[in-house]
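S.K.: One structure is given below, represented as structure tokens, and several questions about it will come after.
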Amino acid sequence: MELSNKSSKIKLIVSGIIPFLFLIILMVYIFGPGSELLDLGVPLPEITMERIDFINSEIQVTVRNTGPIPVEIAMADINDRIQPAAVEPDRYLQRYETALVRIPFEWNESEPYRVGITIGDGVRFEKEVEAAAFALEPTFDLMIFFAIIGTYVGIIPVMIGLLWLPFIKRISKQKYHFFLALTAGLLLFLGIDSVEEALEVSKESLADSFNGVLLIATVLMTSFLGLYFLGEKLVNRAKSSRITKPVAIALMISIGIGLHNFGEGLAIGAAVGLGSIAFSTFLIVGFALHNTTEGIAIASPMSREKRVIGKLAVMGMIAGAPAIFGAWVGGFVYSPFTSVVFLSIGAGAIFQVIITILKWIREEGDKNLSSGAVASGFVVGMIIMYLTSILI
Amino acid sequence: MTIMIKSRSRLVMIFLIPIVTIVSLFMVFSEEIGAQQEEKTFVTNSGVIVTTTGEVLDPLYASATVEFDPMEYLRDFNYGRISQLDDGTTLREFTIIANDDKIMEVSPGIFYNVWTFNGTVPGPTIRATEGDIVRIKFINNGEKEHTMHFHGIHPAEMDGVFEPVGGNGGQFVYEFEAGPAGVHPYHCHVMPLEEHIVRGLYGVFIVDPKEERPPADEMVMVLNGLDTDFDTENNFYAANTIPFYYQRNPIQINADELIRVYVVNMVEFDPINNLHLHGNLYKYYPTGTDLVPSFYTDMITLSQTERGIMEFEYKYTGKYLFHAHKVEFSEKGWVGIFMVNENKDNKESEEYGT
């Protein structure tokens, strides 16, 4: 009995491996040495300038080989004028390898610059910086500065939004549903906003070879399904433990919003880092107003609970504090790839929360999502978000 | 309880093992990692010395040797195989071979497909005296059709326009009387014309007047550009093809000696080019057709294929720049230095004294 069990296990493993073997043989046949089958067409080299930092009398460019073949960096220029430069660690870049090109240049603050890199076959790549500004050094002062901004943008507005709780508590079931739907509307807007932002970053700064749109789709779906799975577990466990279902839902909402606010922090940190200071004050004011509505989103499901102040404070922190971390990451270690990933995770989290809320409204109120209160709440939520977003 | 502890310690192990491995790798190979940190230095355009642990990207200071030697081209005049015709006229015979498959390192690390006459850009400087018969055996070893079109006076069928010479060994003989005296360009005249010129199919044709010009240190400068990324904008500019070459390798001349420069502008895409000489002025003979200079200046403006002869003498020794005062061009390579040395025989200055 045991023997046959063993042999059947081996059979199972072998049957799983055989297709892989054929796949390997196919790959060796097509790409292996001596194969001329696919020896057609000319692969075009490509590089991407992922970061441009302005430091004392020097412009530093982080270059990544994002093409299908190795490249050799041959020359650097500023505003289309050739400059002597250095490349570290060396000029030869394999696929996806990066190098730092250091171009000594007496640049002027807040002026635009076009940075060019020419590779071995004479092709020149260019990236424009709208306004030169000193690269942010991760000093303690700056960390505090970003923490304060993160607090203004993330924590305080969310806390203010939570103050609507007593108001929501006193209203009828119909109106309560209106506010829950309003929350879903707010979140849908935020989700779309995150996706749009991710698409924009990937279009502007991410190389084509990263397949920006598909990266966003993959990360978004992974985040959505992962949180959906965890959320169901949490809500199911709520039935058997001390935390109630509304609390579980509010917690999920605050986690989703927290991930979203991390993305907002990234945007603010990056804007400060890229030197568009005026733009970032606008961002800060806009996000602060905008995020007040996120407080309502957390407060709504909690309104039927008792003794909630402590829990609300914790959830406010979960939702708001990531803005601080986002600002640190965006300001000090910005990379377009991580930005796109974080924004997509945030979007996936938000869509998951929307599903959770809608499900809850449906269970709470008579298995119905088409009531006037729900429909109008949803629409009003989106309109509020749209109007506050104009400020950003 | 014990199971919990076991699984936790396993978790710790999973994290610990890679960390220990990486740290120990760094310990073992620290010498190799350290060895790469060798420092190099280079000088910026504003004279600042910068050190780097990597490689230097510098069209000016990199030690790469270029295939084409602009210093040799500068004073290289081809007078052809000389013989006398029955009526006593001088016959000058040349062989010019066109090619379009050469990949040349035009600037350190940058490789570009140049089209060439006799393997170089510009092609050889062809020189004859007014009235000589010039006979050029033209062989096209390229893939595409090419011709040689001379500026000057010649019969229509010698104009190199309507008689394209086929590639892979096509031949044609251009024959005409050299004239008028002056400096003229020659270039391929096959469509698309801009491409055939920009890729390097051009050169200089000097016709000396029957009565020789005064002796001088003579040189040829073809002002040209290279569009290495094919966007109809030049990536490099130069005097004699290689950007920054004469800045790295100054042209050695003597004080109080007559210098004669045959200048031909072959830059495409940009409507004008110009030439500014430092610390001096020159007599300028447009197209070189007149023996009396038209200007005494330090700045001339040249349109496409516009050319002329510059004559000057330096009074003081030292380094003098010459460059396009369309400074974009000079920052992309069209800049050089005359190194004026003391005149050892001092012949000329003595003459001036007496």
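By order of appearance in the structure tokens: chains A, B, ..., then residues from 1 within every chain, and ligands from 1 in the order shown.
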Could you make a table, as a Markdown table, of the residues of chain A that have an atom within 9 Å of an atom of chain B, each with its nearest atom pair and distance in Å to one decimal, counting only C-alpha atoms, in chain and number order?

M.R.:
| residue | atom | partner | partner_atom | distance |
| --- | --- | --- | --- | --- |
| A:Glu72 | CA | B:Gly109 | CA | 7.7 |
| A:Ile73 | CA | B:Gly109 | CA | 7.8 |
| A:Ala74 | CA | B:Gly109 | CA | 5.1 |
| A:Met75 | CA | B:Leu57 | CA | 5.6 |
| A:Ala76 | CA | B:Leu57 | CA | 7.3 |
| A:Asp80 | CA | B:Lys332 | CA | 8.3 |
| A:Arg81 | CA | B:Glu331 | CA | 5.6 |
| A:Ile82 | CA | B:Lys332 | CA | 5.6 |
| A:Gln83 | CA | B:Asn45 | CA | 7.0 |
| A:Pro84 | CA | B:Asp58 | CA | 4.5 |
| A:Ala85 | CA | B:Leu57 | CA | 4.9 |
| A:Ala86 | CA | B:Val56 | CA | 4.3 |
| A:Val87 | CA | B:Glu55 | CA | 5.2 |
| A:Glu88 | CA | B:Gly54 | CA | 4.0 |
| A:Pro89 | CA | B:Gly54 | CA | 4.5 |
| A:Asp90 | CA | B:Gly54 | CA | 5.2 |
| A:Arg91 | CA | B:Glu55 | CA | 6.7 |
| A:Val101 | CA | B:Leu57 | CA | 8.9 |
| A:Arg102 | CA | B:Thr52 | CA | 8.7 |
| A:Ile103 | CA | B:Thr44 | CA | 8.9 |
| A:Pro104 | CA | B:Thr44 | CA | 6.6 |
| A:Phe105 | CA | B:Thr44 | CA | 8.2 |
| A:Glu106 | CA | B:Ser46 | CA | 8.9 |
| A:Thr118 | CA | B:Ile110 | CA | 8.1 |
| A:Ile119 | CA | B:Ile110 | CA | 6.9 |
| A:Gly120 | CA | B:Ile110 | CA | 4.4 |
| A:Asp121 | CA | B:Phe111 | CA | 5.2 |
| A:Gly122 | CA | B:Thr228 | CA | 4.7 |
| A:Val123 | CA | B:Asp229 | CA | 4.6 |
| A:Arg124 | CA | B:Asp229 | CA | 6.6 |

S.K.: Contacts of Val329 in chain A at 9 Å or less, counting only C-alpha atoms, minus same-chain residues fewer than 4 places along, as a PDB file with N, CA and C atoms, in the first residue's frame?

M.R.:
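Output contents, as saved in around_17.pdb:
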ATOM      1  N   GLY A 265       1.240  60.929   0.619  1.00  0.00           N
ATOM      2  CA  GLY A 265       2.502  61.367   1.227  1.00  0.00           C
ATOM      3  C   GLY A 265       3.630  61.305   0.207  1.00  0.00           C
ATOM      4  N   LEU A 266       3.654  60.222  -0.561  1.00  0.00           N
ATOM      5  CA  LEU A 266       4.657  60.071  -1.628  1.00  0.00           C
ATOM      6  C   LEU A 266       4.611  61.263  -2.578  1.00  0.00           C
ATOM      7  N   GLY A 269       5.977  64.389  -0.809  1.00  0.00           N
ATOM      8  CA  GLY A 269       7.433  64.289  -0.634  1.00  0.00           C
ATOM      9  C   GLY A 269       8.147  64.471  -1.955  1.00  0.00           C
ATOM     10  N   ALA A 270       7.619  63.824  -3.001  1.00  0.00           N
ATOM     11  CA  ALA A 270       8.256  63.907  -4.311  1.00  0.00           C
ATOM     12  C   ALA A 270       8.174  65.323  -4.856  1.00  0.00           C
ATOM     13  N   ILE A 324       2.830  60.357   6.683  1.00  0.00           N
ATOM     14  CA  ILE A 324       4.177  60.757   7.127  1.00  0.00           C
ATOM     15  C   ILE A 324       5.234  59.871   6.477  1.00  0.00           C
ATOM     16  N   PHE A 325       5.009  58.550   6.556  1.00  0.00           N
ATOM     17  CA  PHE A 325       5.983  57.619   5.963  1.00  0.00           C
ATOM     18  C   PHE A 325       6.085  57.850   4.460  1.00  0.00           C
ATOM     19  N   VAL A 333      13.851  58.811  -0.866  1.00  0.00           N
ATOM     20  CA  VAL A 333      14.270  57.662  -1.696  1.00  0.00           C
ATOM     21  C   VAL A 333      13.280  57.454  -2.833  1.00  0.00           C
ATOM     22  N   TYR A 334      12.899  58.561  -3.473  1.00  0.00           N
ATOM     23  CA  TYR A 334      11.889  58.454  -4.521  1.00  0.00           C
ATOM     24  C   TYR A 334      12.373  57.597  -5.680  1.00  0.00           C
ATOM     25  N   SER A 335      11.552  56.669  -6.094  1.00  0.00           N
ATOM     26  CA  SER A 335      11.790  55.985  -7.365  1.00  0.00           C
ATOM     27  C   SER A 335      10.433  55.754  -8.013  1.00  0.00           C
TER      28      SER A 335
END

S.K.: Just the number, please: distance in Å from CA of Gly279 in chain B to CA of Tyr246 in chain B, one decimal.

M.R.: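 One can read the CA of Gly279 in chain B to CA of Tyr246 in chain B distance as 17.1 Å.
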
S.K.: Could you name the residues that touch Phe150 in chain B at 9 Å or less, counting only C-alpha atoms, but leaving out those on the same chain fewer than 3 positions away, as a PyMOL selection string?

M.R.: chain B and resi 153-154+158-160+184-188+205

S.K.: In terms of the shortest atom-to-atom distance over only C-alpha atoms, which of B:His146, B:Trp334, B:Val204, B:Asp132 is closest to Tyr73 in chain B?

M.R.: B:Val204

S.K.: Would you return as a PyMOL selection string the members of range 129-339 of chain B that DSSP assigns to helix (DSSP H, G or I) on this structure's backbone?

M.R.: chain B and resi 156-158+193-198+245-248+327-331

S.K.: Given the selection you just returned, output its residues as a file containing all heavy atoms, formatted as a short mmCIF file (atom, residue, chain, number, x, y, z; two decimals), in the first residue's frame.

M.R.:
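Result file out31.cif:
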data_model
loop_
_atom_site.label_atom_id
_atom_site.label_comp_id
_atom_site.auth_asym_id
_atom_site.auth_seq_id
_atom_site.Cartn_x
_atom_site.Cartn_y
_atom_site.Cartn_z
N ALA B 156 28.46 70.03 -68.61
CA ALA B 156 27.29 69.52 -67.90
C ALA B 156 27.44 68.05 -67.57
O ALA B 156 27.08 67.61 -66.46
CB ALA B 156 26.04 69.75 -68.74
N GLU B 157 27.99 67.24 -68.49
CA GLU B 157 28.05 65.80 -68.23
C GLU B 157 29.11 65.44 -67.20
O GLU B 157 29.20 64.30 -66.77
CB GLU B 157 28.27 65.02 -69.54
CG GLU B 157 29.55 65.34 -70.29
CD GLU B 157 29.39 66.50 -71.28
OE1 GLU B 157 28.46 67.34 -71.09
OE2 GLU B 157 30.18 66.59 -72.24
N MET B 158 29.92 66.42 -66.78
CA MET B 158 30.91 66.19 -65.72
C MET B 158 30.42 66.71 -64.38
O MET B 158 31.18 66.83 -63.43
CB MET B 158 32.24 66.88 -66.09
CG MET B 158 32.92 66.25 -67.27
SD MET B 158 33.34 64.54 -66.89
CE MET B 158 33.18 63.80 -68.51
N LEU B 193 19.75 63.95 -51.15
CA LEU B 193 21.02 64.66 -51.16
C LEU B 193 21.55 64.98 -49.77
O LEU B 193 22.74 64.81 -49.49
CB LEU B 193 20.84 65.96 -51.98
CG LEU B 193 22.10 66.80 -52.17
CD1 LEU B 193 23.19 65.99 -52.81
CD2 LEU B 193 21.77 68.01 -53.04
N GLU B 194 20.64 65.43 -48.91
CA GLU B 194 21.08 65.83 -47.57
C GLU B 194 21.78 64.66 -46.87
O GLU B 194 22.84 64.82 -46.28
CB GLU B 194 19.87 66.28 -46.76
CG GLU B 194 20.23 67.02 -45.49
CD GLU B 194 18.99 67.50 -44.75
OE1 GLU B 194 18.09 66.67 -44.53
OE2 GLU B 194 18.93 68.69 -44.41
N GLU B 195 21.18 63.48 -46.99
CA GLU B 195 21.77 62.30 -46.34
C GLU B 195 23.15 62.01 -46.93
O GLU B 195 24.11 61.75 -46.20
CB GLU B 195 20.85 61.10 -46.51
CG GLU B 195 21.40 59.86 -45.82
CD GLU B 195 20.58 58.62 -46.05
OE1 GLU B 195 19.90 58.53 -47.10
OE2 GLU B 195 20.62 57.73 -45.19
N HIS B 196 23.25 62.04 -48.27
CA HIS B 196 24.52 61.68 -48.91
C HIS B 196 25.63 62.66 -48.53
O HIS B 196 26.80 62.29 -48.49
CB HIS B 196 24.36 61.60 -50.43
CG HIS B 196 23.72 60.32 -50.87
ND1 HIS B 196 24.41 59.32 -51.51
CD2 HIS B 196 22.46 59.85 -50.71
CE1 HIS B 196 23.61 58.30 -51.76
NE2 HIS B 196 22.41 58.61 -51.29
N ILE B 197 25.25 63.91 -48.24
CA ILE B 197 26.27 64.88 -47.82
C ILE B 197 26.60 64.70 -46.34
O ILE B 197 27.75 64.55 -45.95
CB ILE B 197 25.80 66.32 -48.11
CG1 ILE B 197 25.70 66.55 -49.63
CG2 ILE B 197 26.76 67.33 -47.48
CD1 ILE B 197 25.15 67.90 -50.02
N VAL B 198 25.53 64.66 -45.53
CA VAL B 198 25.73 64.63 -44.08
C VAL B 198 26.54 63.41 -43.64
O VAL B 198 27.33 63.48 -42.71
CB VAL B 198 24.35 64.66 -43.39
CG1 VAL B 198 24.45 64.19 -41.96
CG2 VAL B 198 23.78 66.05 -43.44
N TYR B 245 38.92 68.08 -31.40
CA TYR B 245 40.24 67.50 -31.64
C TYR B 245 41.36 68.51 -31.51
O TYR B 245 42.35 68.29 -30.81
CB TYR B 245 40.30 66.82 -33.02
CG TYR B 245 41.56 66.01 -33.19
CD1 TYR B 245 41.60 64.69 -32.74
CD2 TYR B 245 42.73 66.56 -33.71
CE1 TYR B 245 42.75 63.94 -32.84
CE2 TYR B 245 43.88 65.81 -33.81
CZ TYR B 245 43.88 64.51 -33.38
OH TYR B 245 45.03 63.77 -33.47
N TYR B 246 41.19 69.66 -32.19
CA TYR B 246 42.28 70.65 -32.16
C TYR B 246 42.34 71.39 -30.83
O TYR B 246 43.25 72.17 -30.59
CB TYR B 246 42.14 71.64 -33.32
CG TYR B 246 42.25 71.00 -34.69
CD1 TYR B 246 41.23 71.11 -35.62
CD2 TYR B 246 43.38 70.26 -35.03
CE1 TYR B 246 41.32 70.52 -36.86
CE2 TYR B 246 43.49 69.67 -36.28
CZ TYR B 246 42.46 69.79 -37.19
OH TYR B 246 42.55 69.20 -38.42
N GLN B 247 41.36 71.16 -29.97
CA GLN B 247 41.47 71.72 -28.61
C GLN B 247 42.39 70.82 -27.78
O GLN B 247 43.21 71.28 -27.01
CB GLN B 247 40.09 71.83 -27.97
CG GLN B 247 40.14 72.58 -26.65
CD GLN B 247 38.77 72.77 -26.05
OE1 GLN B 247 37.74 72.49 -26.65
NE2 GLN B 247 38.74 73.25 -24.82
N ARG B 248 42.23 69.52 -27.99
CA ARG B 248 43.09 68.58 -27.28
C ARG B 248 44.49 68.58 -27.88
O ARG B 248 45.48 68.42 -27.17
CB ARG B 248 42.48 67.18 -27.37
CG ARG B 248 43.28 66.13 -26.66
CD ARG B 248 42.56 64.80 -26.66
NE ARG B 248 41.91 64.54 -27.93
CZ ARG B 248 41.21 63.43 -28.17
NH1 ARG B 248 41.07 62.54 -27.24
NH2 ARG B 248 40.65 63.23 -29.33
N VAL B 327 27.90 79.76 -30.38
CA VAL B 327 28.63 79.04 -29.34
C VAL B 327 28.09 77.63 -29.13
O VAL B 327 28.80 76.74 -28.68
CB VAL B 327 28.62 79.85 -28.03
CG1 VAL B 327 29.49 79.19 -26.99
CG2 VAL B 327 29.12 81.26 -28.30
N GLU B 328 26.83 77.42 -29.50
CA GLU B 328 26.31 76.05 -29.42
C GLU B 328 27.24 75.10 -30.16
O GLU B 328 27.57 74.02 -29.68
CB GLU B 328 24.91 75.99 -30.05
CG GLU B 328 24.36 74.56 -30.06
CD GLU B 328 23.17 74.38 -30.97
OE1 GLU B 328 22.67 75.37 -31.52
OE2 GLU B 328 22.74 73.23 -31.12
N PHE B 329 27.68 75.53 -31.37
CA PHE B 329 28.53 74.64 -32.17
C PHE B 329 29.86 74.39 -31.48
O PHE B 329 30.38 73.28 -31.50
CB PHE B 329 28.79 75.25 -33.56
CG PHE B 329 27.55 75.45 -34.41
CD1 PHE B 329 27.64 76.01 -35.68
CD2 PHE B 329 26.30 75.06 -33.95
CE1 PHE B 329 26.51 76.19 -36.46
CE2 PHE B 329 25.17 75.25 -34.73
CZ PHE B 329 25.28 75.82 -35.98
N SER B 330 30.41 75.45 -30.85
CA SER B 330 31.71 75.25 -30.21
C SER B 330 31.56 74.37 -28.97
O SER B 330 32.46 73.59 -28.65
CB SER B 330 32.37 76.59 -29.89
OG SER B 330 31.62 77.29 -28.94
N GLU B 331 30.41 74.45 -28.28
CA GLU B 331 30.21 73.59 -27.11
C GLU B 331 29.91 72.15 -27.52
O GLU B 331 29.85 71.25 -26.69
CB GLU B 331 29.10 74.13 -26.22
CG GLU B 331 29.54 75.42 -25.53
CD GLU B 331 28.63 75.82 -24.39
OE1 GLU B 331 28.21 74.94 -23.63
OE2 GLU B 331 28.33 77.01 -24.27
#
